[in-house]
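Data block below; observations after.
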Amino acid sequence: MSDSDIKALFLGKQRSFSDGKQAIPLVVVESEASRSEFNTKVLSKTDAQLKAYWSKLTFTGKGTPPREVSSDEMIQLVSDNPATIGFVDASKVTAAVKVVATY
């Protein structure tokens with residue numbers, strides 16, 4: 001996956017993977033440090049900017065932010081459903097999931 005595909009999925013600008021299959025992005029809860037790091041490095045937005053971005057899309061009916069889950073839930077949901085995509089700290093990765101990018 002390209003960085004631009006990942007960014008588009010997590011900003012709601014793209015709803016499917018490059019093969020046309022549906023994509024369901026998930027994000028870790030705000031309290032996890034990996035979330036701020038992902039927002040900054042991958043989405044090029046601060047937490048506040050991203051919150052404002054999703055507030056605007058939600059208010060206008062043009063989008064819904066990705067569901068928030070814990071790191072443990074993330075690993076379980078991604079391993080159970082190939083349509084899901086998410087991010088976790090590298091220390092949380094298990095053999096049950098496929099890593100498509102590291103930052």
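Letters A, B, ... go to the chains of the structure tokens in the order shown; residues in each chain start at 1; ligands are counted from 1 in the same order.
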
With a distance cut-off of 12 Å and only C-alpha atoms, select the neighbouring residues of Gly63 (chain A), excluding the residue or stretch itself and same-chain residues fewer than 2 positions from it, and output the selection as a JSON list (two decimals) with N, CA and C atoms, in the first residue's frame.
[["chain", "number", "residue", "atom", "x", "y", "z"],
["A", 9, "LEU", "N", -7.46, 6.52, 3.11],
["A", 9, "LEU", "CA", -8.36, 5.63, 3.84],
["A", 9, "LEU", "C", -8.71, 6.21, 5.22],
["A", 10, "PHE", "N", -7.69, 6.70, 5.92],
["A", 10, "PHE", "CA", -7.91, 7.19, 7.27],
["A", 10, "PHE", "C", -8.52, 8.59, 7.32],
["A", 11, "LEU", "N", -8.56, 9.28, 6.19],
["A", 11, "LEU", "CA", -9.23, 10.59, 6.13],
["A", 11, "LEU", "C", -10.60, 10.47, 5.46],
["A", 12, "GLY", "N", -11.02, 9.25, 5.16],
["A", 12, "GLY", "CA", -12.34, 9.04, 4.58],
["A", 12, "GLY", "C", -12.46, 9.45, 3.12],
["A", 13, "LYS", "N", -11.34, 9.68, 2.46],
["A", 13, "LYS", "CA", -11.36, 10.09, 1.06],
["A", 13, "LYS", "C", -11.38, 8.89, 0.12],
["A", 14, "GLN", "N", -11.08, 7.73, 0.66],
["A", 14, "GLN", "CA", -11.07, 6.48, -0.11],
["A", 14, "GLN", "C", -11.75, 5.44, 0.76],
["A", 15, "ARG", "N", -12.61, 4.64, 0.17],
["A", 15, "ARG", "CA", -13.38, 3.67, 0.94],
["A", 15, "ARG", "C", -13.04, 2.22, 0.61],
["A", 53, "TYR", "N", -11.37, 18.35, 11.57],
["A", 53, "TYR", "CA", -11.63, 17.79, 10.25],
["A", 53, "TYR", "C", -12.83, 16.86, 10.30],
["A", 54, "TRP", "N", -12.81, 15.92, 11.28],
["A", 54, "TRP", "CA", -13.91, 14.96, 11.38],
["A", 54, "TRP", "C", -15.19, 15.62, 11.87],
["A", 55, "SER", "N", -15.09, 16.62, 12.72],
["A", 55, "SER", "CA", -16.28, 17.34, 13.18],
["A", 55, "SER", "C", -17.00, 17.98, 12.00],
["A", 56, "LYS", "N", -16.24, 18.59, 11.11],
["A", 56, "LYS", "CA", -16.81, 19.24, 9.93],
["A", 56, "LYS", "C", -17.49, 18.21, 9.02],
["A", 57, "LEU", "N", -16.80, 17.11, 8.74],
["A", 57, "LEU", "CA", -17.38, 16.08, 7.87],
["A", 57, "LEU", "C", -18.62, 15.45, 8.48],
["A", 58, "THR", "N", -18.58, 15.20, 9.77],
["A", 58, "THR", "CA", -19.73, 14.62, 10.45],
["A", 58, "THR", "C", -20.92, 15.58, 10.43],
["A", 59, "PHE", "N", -20.65, 16.85, 10.74],
["A", 59, "PHE", "CA", -21.71, 17.87, 10.78],
["A", 59, "PHE", "C", -22.39, 18.04, 9.42],
["A", 60, "THR", "N", -21.60, 17.98, 8.35],
["A", 60, "THR", "CA", -22.16, 18.16, 7.01],
["A", 60, "THR", "C", -22.69, 16.86, 6.41],
["A", 61, "GLY", "N", -22.54, 15.76, 7.13],
["A", 61, "GLY", "CA", -23.04, 14.48, 6.64],
["A", 61, "GLY", "C", -22.16, 13.85, 5.57],
["A", 65, "PRO", "N", -15.94, 9.44, 11.30],
["A", 65, "PRO", "CA", -14.56, 9.07, 11.67],
["A", 65, "PRO", "C", -14.42, 7.57, 11.89],
["A", 66, "PRO", "N", -13.22, 7.05, 11.73],
["A", 66, "PRO", "CA", -13.00, 5.62, 11.99],
["A", 66, "PRO", "C", -13.33, 5.27, 13.45]]

message: Based on the backbone DSSP call, show me all residues of chain A assigned helix (DSSP H, G or I), as a PyMOL selection string.
response: chain A and resi 3-10+33-41+47-60+71-80+90-92

Keeping C-alpha atoms, export the residues of the selection given above as a PDB file, in the first residue's frame.
ATOM      1  CA  ASP A   3       1.406   6.220   1.871  1.00  0.00           C
ATOM      2  CA  SER A   4      -1.194   8.208  -0.078  1.00  0.00           C
ATOM      3  CA  ASP A   5      -3.607   5.231  -0.034  1.00  0.00           C
ATOM      4  CA  ILE A   6      -3.215   4.873   3.726  1.00  0.00           C
ATOM      5  CA  LYS A   7      -3.752   8.599   4.250  1.00  0.00           C
ATOM      6  CA  ALA A   8      -6.836   8.608   2.008  1.00  0.00           C
ATOM      7  CA  LEU A   9      -8.358   5.631   3.844  1.00  0.00           C
ATOM      8  CA  PHE A  10      -7.911   7.192   7.274  1.00  0.00           C
ATOM      9  CA  ALA A  33       0.701   7.569  22.079  1.00  0.00           C
ATOM     10  CA  SER A  34       0.765   5.788  18.719  1.00  0.00           C
ATOM     11  CA  ARG A  35      -2.370   7.690  17.710  1.00  0.00           C
ATOM     12  CA  SER A  36      -0.776  11.149  17.900  1.00  0.00           C
ATOM     13  CA  GLU A  37       2.316   9.844  16.159  1.00  0.00           C
ATOM     14  CA  PHE A  38       0.218   8.323  13.343  1.00  0.00           C
ATOM     15  CA  ASN A  39      -1.827  11.522  12.961  1.00  0.00           C
ATOM     16  CA  THR A  40       1.319  13.630  12.664  1.00  0.00           C
ATOM     17  CA  LYS A  41       3.536  11.355  10.568  1.00  0.00           C
ATOM     18  CA  ASP A  47      -4.813  15.761  17.013  1.00  0.00           C
ATOM     19  CA  ALA A  48      -6.779  19.027  17.175  1.00  0.00           C
ATOM     20  CA  GLN A  49      -6.711  19.470  13.392  1.00  0.00           C
ATOM     21  CA  LEU A  50      -7.940  15.921  12.863  1.00  0.00           C
ATOM     22  CA  LYS A  51     -10.714  16.363  15.411  1.00  0.00           C
ATOM     23  CA  ALA A  52     -11.857  19.555  13.626  1.00  0.00           C
ATOM     24  CA  TYR A  53     -11.626  17.792  10.247  1.00  0.00           C
ATOM     25  CA  TRP A  54     -13.909  14.964  11.378  1.00  0.00           C
ATOM     26  CA  SER A  55     -16.280  17.339  13.179  1.00  0.00           C
ATOM     27  CA  LYS A  56     -16.815  19.238   9.930  1.00  0.00           C
ATOM     28  CA  LEU A  57     -17.381  16.084   7.866  1.00  0.00           C
ATOM     29  CA  THR A  58     -19.730  14.615  10.453  1.00  0.00           C
ATOM     30  CA  PHE A  59     -21.708  17.865  10.778  1.00  0.00           C
ATOM     31  CA  THR A  60     -22.155  18.164   7.011  1.00  0.00           C
ATOM     32  CA  SER A  71      -4.560  -1.920  20.687  1.00  0.00           C
ATOM     33  CA  ASP A  72      -5.614  -5.405  21.755  1.00  0.00           C
ATOM     34  CA  GLU A  73      -8.996  -5.019  20.050  1.00  0.00           C
ATOM     35  CA  MET A  74      -7.214  -3.683  16.956  1.00  0.00           C
ATOM     36  CA  ILE A  75      -5.078  -6.804  16.615  1.00  0.00           C
ATOM     37  CA  GLN A  76      -8.127  -9.047  17.106  1.00  0.00           C
ATOM     38  CA  LEU A  77     -10.406  -7.151  14.677  1.00  0.00           C
ATOM     39  CA  VAL A  78      -7.759  -6.862  11.950  1.00  0.00           C
ATOM     40  CA  SER A  79      -6.828 -10.540  12.252  1.00  0.00           C
ATOM     41  CA  ASP A  80     -10.514 -11.574  12.090  1.00  0.00           C
ATOM     42  CA  ALA A  90       5.240  -1.929  16.720  1.00  0.00           C
ATOM     43  CA  SER A  91       5.596  -3.707  20.074  1.00  0.00           C
ATOM     44  CA  LYS A  92       1.933  -4.817  19.877  1.00  0.00           C
TER      45      LYS A  92
END

- line: Using only C-alpha atoms, the residue out of A:Val88, A:Val93, A:Tyr103, A:Leu26 with shortest distance to Val42 (chain A) is A:Tyr103

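Comparing the minimum interatomic distances between Gly20 (chain A) and each of A:Ala83, A:Thr64, A:Val100, A:Ser44, counting only C-alpha atoms, we find that A:Ala83 sits nearest.
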
field: Coordinates-based distance that separates CA of Ala23 (chain A) from CA of Lys62 (chain A) (Å, one decimal)
entry: 17.0 Å

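In this model, the gap between CA of Ser70 (chain A) and CA of Val29 (chain A) comes to 5.8 Å.
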
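We find CA of Val69 (chain A) and CA of Asp89 (chain A) to be spaced 13.3 Å apart.
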
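Distances to Asn81 (chain A) were evaluated for A:Ala95, A:Leu43, A:Met1, A:Ile24 using only C-alpha atoms, and the minimum falls at A:Ile24.
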
query: Using the chain letters and numbers from this document, which residues of chain A does DSSP assign to strand (DSSP E or B), as a ChimeraX atom specification?
result: /A:16,22,24-28,67-69,84-85

Restricting the output to all heavy atoms, write the selected residues as an mmCIF file, in the first residue's frame.
data_model
loop_
_atom_site.group_PDB
_atom_site.id
_atom_site.type_symbol
_atom_site.label_atom_id
_atom_site.label_comp_id
_atom_site.auth_asym_id
_atom_site.auth_seq_id
_atom_site.Cartn_x
_atom_site.Cartn_y
_atom_site.Cartn_z
ATOM 1 N N SER A 16 -12.069 2.037 -0.288
ATOM 2 C CA SER A 16 -11.696 0.681 -0.657
ATOM 3 C C SER A 16 -10.191 0.585 -0.893
ATOM 4 O O SER A 16 -9.525 1.587 -1.131
ATOM 5 C CB SER A 16 -12.456 0.239 -1.905
ATOM 6 O OG SER A 16 -12.172 1.092 -2.983
ATOM 7 N N GLN A 22 -13.740 -3.461 -0.078
ATOM 8 C CA GLN A 22 -14.076 -2.488 0.961
ATOM 9 C C GLN A 22 -12.990 -2.425 2.027
ATOM 10 O O GLN A 22 -12.410 -3.442 2.396
ATOM 11 C CB GLN A 22 -15.395 -2.862 1.619
ATOM 12 C CG GLN A 22 -15.768 -1.947 2.771
ATOM 13 C CD GLN A 22 -16.896 -2.486 3.628
ATOM 14 O OE1 GLN A 22 -17.217 -3.660 3.589
ATOM 15 N NE2 GLN A 22 -17.496 -1.624 4.399
ATOM 16 N N ILE A 24 -12.190 -0.932 5.966
ATOM 17 C CA ILE A 24 -12.759 -0.426 7.211
ATOM 18 C C ILE A 24 -11.609 0.027 8.100
ATOM 19 O O ILE A 24 -10.974 -0.791 8.775
ATOM 20 C CB ILE A 24 -13.594 -1.507 7.934
ATOM 21 C CG1 ILE A 24 -14.680 -2.058 7.007
ATOM 22 C CG2 ILE A 24 -14.183 -0.951 9.232
ATOM 23 C CD1 ILE A 24 -15.336 -3.326 7.525
ATOM 24 N N PRO A 25 -11.304 1.331 8.091
ATOM 25 C CA PRO A 25 -10.214 1.813 8.941
ATOM 26 C C PRO A 25 -10.626 1.876 10.415
ATOM 27 O O PRO A 25 -11.770 2.209 10.740
ATOM 28 C CB PRO A 25 -9.916 3.204 8.391
ATOM 29 C CG PRO A 25 -11.173 3.630 7.720
ATOM 30 C CD PRO A 25 -11.872 2.383 7.265
ATOM 31 N N LEU A 26 -9.698 1.537 11.284
ATOM 32 C CA LEU A 26 -9.883 1.617 12.727
ATOM 33 C C LEU A 26 -8.726 2.420 13.302
ATOM 34 O O LEU A 26 -7.612 2.361 12.785
ATOM 35 C CB LEU A 26 -9.861 0.216 13.351
ATOM 36 C CG LEU A 26 -10.860 -0.812 12.832
ATOM 37 C CD1 LEU A 26 -10.529 -2.188 13.397
ATOM 38 C CD2 LEU A 26 -12.275 -0.404 13.196
ATOM 39 N N VAL A 27 -8.979 3.164 14.370
ATOM 40 C CA VAL A 27 -7.916 3.911 15.036
ATOM 41 C C VAL A 27 -7.858 3.511 16.505
ATOM 42 O O VAL A 27 -8.867 3.110 17.083
ATOM 43 C CB VAL A 27 -8.101 5.451 14.918
ATOM 44 C CG1 VAL A 27 -8.032 5.889 13.472
ATOM 45 C CG2 VAL A 27 -9.393 5.916 15.551
ATOM 46 N N VAL A 28 -6.678 3.616 17.090
ATOM 47 C CA VAL A 28 -6.557 3.329 18.516
ATOM 48 C C VAL A 28 -7.109 4.517 19.308
ATOM 49 O O VAL A 28 -7.171 5.636 18.808
ATOM 50 C CB VAL A 28 -5.101 3.012 18.941
ATOM 51 C CG1 VAL A 28 -4.645 1.689 18.357
ATOM 52 C CG2 VAL A 28 -4.154 4.125 18.592
ATOM 53 N N ARG A 67 -13.751 4.058 13.647
ATOM 54 C CA ARG A 67 -14.078 3.566 14.985
ATOM 55 C C ARG A 67 -12.820 3.494 15.835
ATOM 56 O O ARG A 67 -11.753 3.098 15.358
ATOM 57 C CB ARG A 67 -14.711 2.185 14.845
ATOM 58 C CG ARG A 67 -15.150 1.572 16.141
ATOM 59 C CD ARG A 67 -15.917 0.293 15.874
ATOM 60 N NE ARG A 67 -15.559 -0.674 16.884
ATOM 61 C CZ ARG A 67 -15.620 -1.977 16.725
ATOM 62 N NH1 ARG A 67 -16.010 -2.490 15.593
ATOM 63 N NH2 ARG A 67 -15.285 -2.783 17.706
ATOM 64 N N GLU A 68 -12.939 3.858 17.110
ATOM 65 C CA GLU A 68 -11.822 3.812 18.058
ATOM 66 C C GLU A 68 -11.852 2.493 18.824
ATOM 67 O O GLU A 68 -12.902 2.082 19.318
ATOM 68 C CB GLU A 68 -11.929 4.954 19.062
ATOM 69 C CG GLU A 68 -11.702 6.314 18.491
ATOM 70 C CD GLU A 68 -11.718 7.407 19.554
ATOM 71 O OE1 GLU A 68 -11.665 7.094 20.762
ATOM 72 O OE2 GLU A 68 -11.779 8.570 19.167
ATOM 73 N N VAL A 69 -10.686 1.858 18.913
ATOM 74 C CA VAL A 69 -10.554 0.599 19.648
ATOM 75 C C VAL A 69 -9.217 0.587 20.386
ATOM 76 O O VAL A 69 -8.326 1.359 20.068
ATOM 77 C CB VAL A 69 -10.650 -0.625 18.701
ATOM 78 C CG1 VAL A 69 -12.003 -0.713 18.024
ATOM 79 C CG2 VAL A 69 -9.546 -0.604 17.657
ATOM 80 N N THR A 84 -10.557 -4.866 7.410
ATOM 81 C CA THR A 84 -10.152 -3.843 8.372
ATOM 82 C C THR A 84 -8.673 -3.492 8.215
ATOM 83 O O THR A 84 -7.868 -4.307 7.801
ATOM 84 C CB THR A 84 -10.408 -4.286 9.823
ATOM 85 O OG1 THR A 84 -9.741 -5.518 10.056
ATOM 86 C CG2 THR A 84 -11.886 -4.430 10.117
ATOM 87 N N ILE A 85 -8.377 -2.248 8.556
ATOM 88 C CA ILE A 85 -6.997 -1.768 8.552
ATOM 89 C C ILE A 85 -6.848 -0.845 9.750
ATOM 90 O O ILE A 85 -7.772 -0.085 10.077
ATOM 91 C CB ILE A 85 -6.618 -1.049 7.239
ATOM 92 C CG1 ILE A 85 -5.130 -0.646 7.251
ATOM 93 C CG2 ILE A 85 -7.549 0.117 6.962
ATOM 94 C CD1 ILE A 85 -4.625 -0.152 5.912
#
